[in-house]
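What follows is my_file-v8.pdb (PDB, C-alpha atoms).
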ATOM      1  CA  MET A  23     113.011  85.054  82.491
ATOM      2  CA  PRO A  24     115.500  83.762  79.877
ATOM      3  CA  LYS A  25     118.238  85.956  78.482
ATOM      4  CA  MET A  26     117.694  87.793  75.186
ATOM      5  CA  LYS A  27     119.621  86.237  72.329
ATOM      6  CA  THR A  28     121.610  88.319  69.853
ATOM      7  CA  LYS A  29     120.854  87.973  66.150
ATOM      8  CA  SER A  30     123.449  85.530  64.799
ATOM      9  CA  SER A  31     123.557  87.281  61.425
ATOM     10  CA  ALA A  32     124.348  90.640  63.052
ATOM     11  CA  LYS A  33     126.928  89.044  65.343
ATOM     12  CA  LYS A  34     128.823  87.760  62.285
ATOM     13  CA  ARG A  35     128.638  91.014  60.292
ATOM     14  CA  PHE A  36     129.362  93.804  62.787
ATOM     15  CA  LYS A  37     132.129  94.577  65.281
ATOM     16  CA  LEU A  38     132.396  97.314  67.888
ATOM     17  CA  THR A  39     135.323  99.726  67.811
ATOM     18  CA  GLY A  40     137.082 100.882  70.957
ATOM     19  CA  SER A  41     135.091 104.103  71.020
ATOM     20  CA  GLY A  42     131.771 102.223  70.708
ATOM     21  CA  LYS A  43     131.083 102.811  67.011
ATOM     22  CA  ILE A  44     129.949  99.906  64.823
ATOM     23  CA  LYS A  45     132.243  98.686  62.049
ATOM     24  CA  ARG A  46     131.076  96.871  58.901
ATOM     25  CA  LYS A  47     132.503  95.450  55.686
ATOM     26  CA  HIS A  48     131.526  96.514  52.194
ATOM     27  CA  ALA A  49     129.193  94.420  50.051
ATOM     28  CA  PHE A  50     129.809  93.353  46.405
ATOM     29  CA  LYS A  51     133.247  91.789  47.001
ATOM     30  CA  SER A  52     132.384  88.067  46.964
ATOM     31  CA  HIS A  53     131.896  87.062  43.315
ATOM     32  CA  ILE A  54     131.639  88.403  39.744
ATOM     33  CA  LEU A  55     134.888  90.278  40.316
ATOM     34  CA  THR A  56     136.255  90.147  36.769
ATOM     35  CA  LYS A  57     134.167  93.076  35.516
ATOM     36  CA  LYS A  58     135.028  95.274  38.507
ATOM     37  CA  SER A  59     138.085  97.498  38.320
ATOM     38  CA  LYS A  60     141.090  96.975  40.550
ATOM     39  CA  LYS A  61     140.489 100.381  42.138
ATOM     40  CA  ARG A  62     136.879  99.475  42.963
ATOM     41  CA  LYS A  63     137.795  96.095  44.454
ATOM     42  CA  LEU A  64     140.528  97.662  46.580
ATOM     43  CA  ALA A  65     138.099 100.274  47.898
ATOM     44  CA  LEU A  66     135.603  97.532  48.819
ATOM     45  CA  THR A  67     138.286  95.689  50.808
ATOM     46  CA  HIS A  68     138.497  98.321  53.534
ATOM     47  CA  SER A  69     135.990  98.321  56.364
ATOM     48  CA  THR A  70     133.917 101.361  57.246
ATOM     49  CA  LEU A  71     131.516 102.574  59.914
ATOM     50  CA  VAL A  72     127.781 101.954  59.919
ATOM     51  CA  HIS A  73     125.649 104.957  58.933
ATOM     52  CA  GLN A  74     124.127 106.881  61.836
ATOM     53  CA  ALA A  75     120.570 106.086  60.676
ATOM     54  CA  ASP A  76     121.204 102.334  61.056
ATOM     55  CA  VAL A  77     123.090 102.369  64.370
ATOM     56  CA  ASN A  78     120.037 102.002  66.621
ATOM     57  CA  SER A  79     118.608  98.983  64.811
ATOM     58  CA  ILE A  80     121.983  97.215  64.750
ATOM     59  CA  LYS A  81     122.569  97.916  68.435
ATOM     60  CA  GLU A  82     119.163  96.397  69.109
ATOM     61  CA  GLN A  83     120.073  93.273  67.106
ATOM     62  CA  LEU A  84     123.340  92.973  69.020
ATOM     63  CA  ARG A  85     121.417  93.587  72.270
ATOM     64  CA  LEU A  86     123.586  96.576  73.169
ATOM     65  CA  LYS A  87     120.565  98.792  73.867
TER      66      LYS A  87
END

Can the structure in the file be given as structure tokens, please?
Amino acid sequence: MPKMKTKSSAKKRFKLTGSGKIKRKHAFKSHILTKKSKKRKLALTHSTLVHQADVNSIKEQLRLK
């Protein structure tokens, strides 16, 4: 039986932290930045954790489950 492949899109978008949580970046920071405030753009720069409701599906895409 061949190995299960991870989803390439998920592999590029998510990273695991040391404690096993899944880290993600914020959306809406790639273009049309002139109308967004400096405060908003700075807040979007920082990474955050994936919401608990989405963890299982992302782990499945990364083949961690």

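Residue nearest A:Ile80, chosen from A:Ile44, A:Met26, A:Leu66, A:Ile54 and counting all atoms listed in the file: A:Ile44.
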
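You will find atom CA of A:Phe36 at 24.4 Å from atom CA of A:Lys61.
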
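Between atom CA of A:Leu84 and atom CA of A:Ala49 lies a distance of 19.9 Å.
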
### Task
For the structure provided, state which residues fall under the PyMOL selection byres ((chain A and resi 50) around 12), and present them as a PyMOL selection string.
chain A and resi 47-49+51-55+57-58+62-67

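Considering the residues A:Thr56, A:Gln83, A:Met23, A:Ser69 and counting all atoms listed in the file, A:Thr39 has its shortest atom-to-atom contact with A:Ser69.
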
Stretch 84-87 of chain A, all listed atoms, 3 Å padding on each side: what axis-aligned box centre and edge lengths in Å to one decimal come out, as JSON?
{"center_x": 122.1, "center_y": 95.9, "center_z": 71.4, "size_x": 9.0, "size_y": 11.8, "size_z": 10.8}

#### Entry: Between atom CA of A:Val72 and atom CA of A:Lys43, distance in Å (one decimal)
7.9 Å

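Nearest to A:Ala32 of all the residues A:Lys87, A:Glu82, A:Gln74, A:Lys60 is A:Glu82, counting only C-alpha atoms.
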
### Query
Of the candidates A:Pro24, A:Lys81, A:Ala75, A:Ser59, which one gets nearest to A:Lys37 if we count all atoms listed in the file?
A:Lys81

Kindly reconstruct stretch 59-79 of chain A with N, CA and C atoms and present the result as a tab-separated table (two decimals), in the frame of the given file.
chain	number	residue	atom	x	y	z
A	59	SER	N	136.72	96.99	38.45
A	59	SER	CA	138.08	97.50	38.32
A	59	SER	C	138.88	97.21	39.58
A	60	LYS	N	140.20	97.22	39.42
A	60	LYS	CA	141.09	96.98	40.55
A	60	LYS	C	140.88	98.03	41.64
A	61	LYS	N	140.70	99.27	41.21
A	61	LYS	CA	140.49	100.38	42.14
A	61	LYS	C	139.21	100.16	42.96
A	62	ARG	N	138.16	99.71	42.29
A	62	ARG	CA	136.88	99.48	42.96
A	62	ARG	C	136.98	98.33	43.97
A	63	LYS	N	137.65	97.25	43.56
A	63	LYS	CA	137.79	96.10	44.45
A	63	LYS	C	138.65	96.44	45.67
A	64	LEU	N	139.67	97.25	45.47
A	64	LEU	CA	140.53	97.66	46.58
A	64	LEU	C	139.76	98.53	47.57
A	65	ALA	N	138.91	99.41	47.04
A	65	ALA	CA	138.10	100.27	47.90
A	65	ALA	C	137.10	99.46	48.71
A	66	LEU	N	136.58	98.38	48.12
A	66	LEU	CA	135.60	97.53	48.82
A	66	LEU	C	136.25	96.66	49.89
A	67	THR	N	137.57	96.51	49.83
A	67	THR	CA	138.29	95.69	50.81
A	67	THR	C	138.27	96.32	52.20
A	68	HIS	N	138.38	97.63	52.25
A	68	HIS	CA	138.50	98.32	53.53
A	68	HIS	C	137.16	98.35	54.27
A	69	SER	N	137.22	98.24	55.58
A	69	SER	CA	135.99	98.32	56.36
A	69	SER	C	135.65	99.78	56.63
A	70	THR	N	134.40	100.01	57.00
A	70	THR	CA	133.92	101.36	57.25
A	70	THR	C	132.95	101.34	58.42
A	71	LEU	N	132.46	102.49	58.80
A	71	LEU	CA	131.52	102.57	59.91
A	71	LEU	C	130.08	102.51	59.40
A	72	VAL	N	129.20	102.03	60.24
A	72	VAL	CA	127.78	101.95	59.92
A	72	VAL	C	127.20	103.37	59.93
A	73	HIS	N	126.28	103.65	59.02
A	73	HIS	CA	125.65	104.96	58.93
A	73	HIS	C	124.83	105.22	60.20
A	74	GLN	N	124.79	106.48	60.59
A	74	GLN	CA	124.13	106.88	61.84
A	74	GLN	C	122.66	106.47	61.88
A	75	ALA	N	121.99	106.45	60.72
A	75	ALA	CA	120.57	106.09	60.68
A	75	ALA	C	120.35	104.61	61.01
A	76	ASP	N	121.35	103.77	60.82
A	76	ASP	CA	121.20	102.33	61.06
A	76	ASP	C	121.74	101.88	62.41
A	77	VAL	N	122.40	102.76	63.13
A	77	VAL	CA	123.09	102.37	64.37
A	77	VAL	C	122.12	101.80	65.40
A	78	ASN	N	120.97	102.46	65.59
A	78	ASN	CA	120.04	102.00	66.62
A	78	ASN	C	119.50	100.61	66.36
A	79	SER	N	119.16	100.31	65.11
A	79	SER	CA	118.61	98.98	64.81
A	79	SER	C	119.67	97.89	64.96
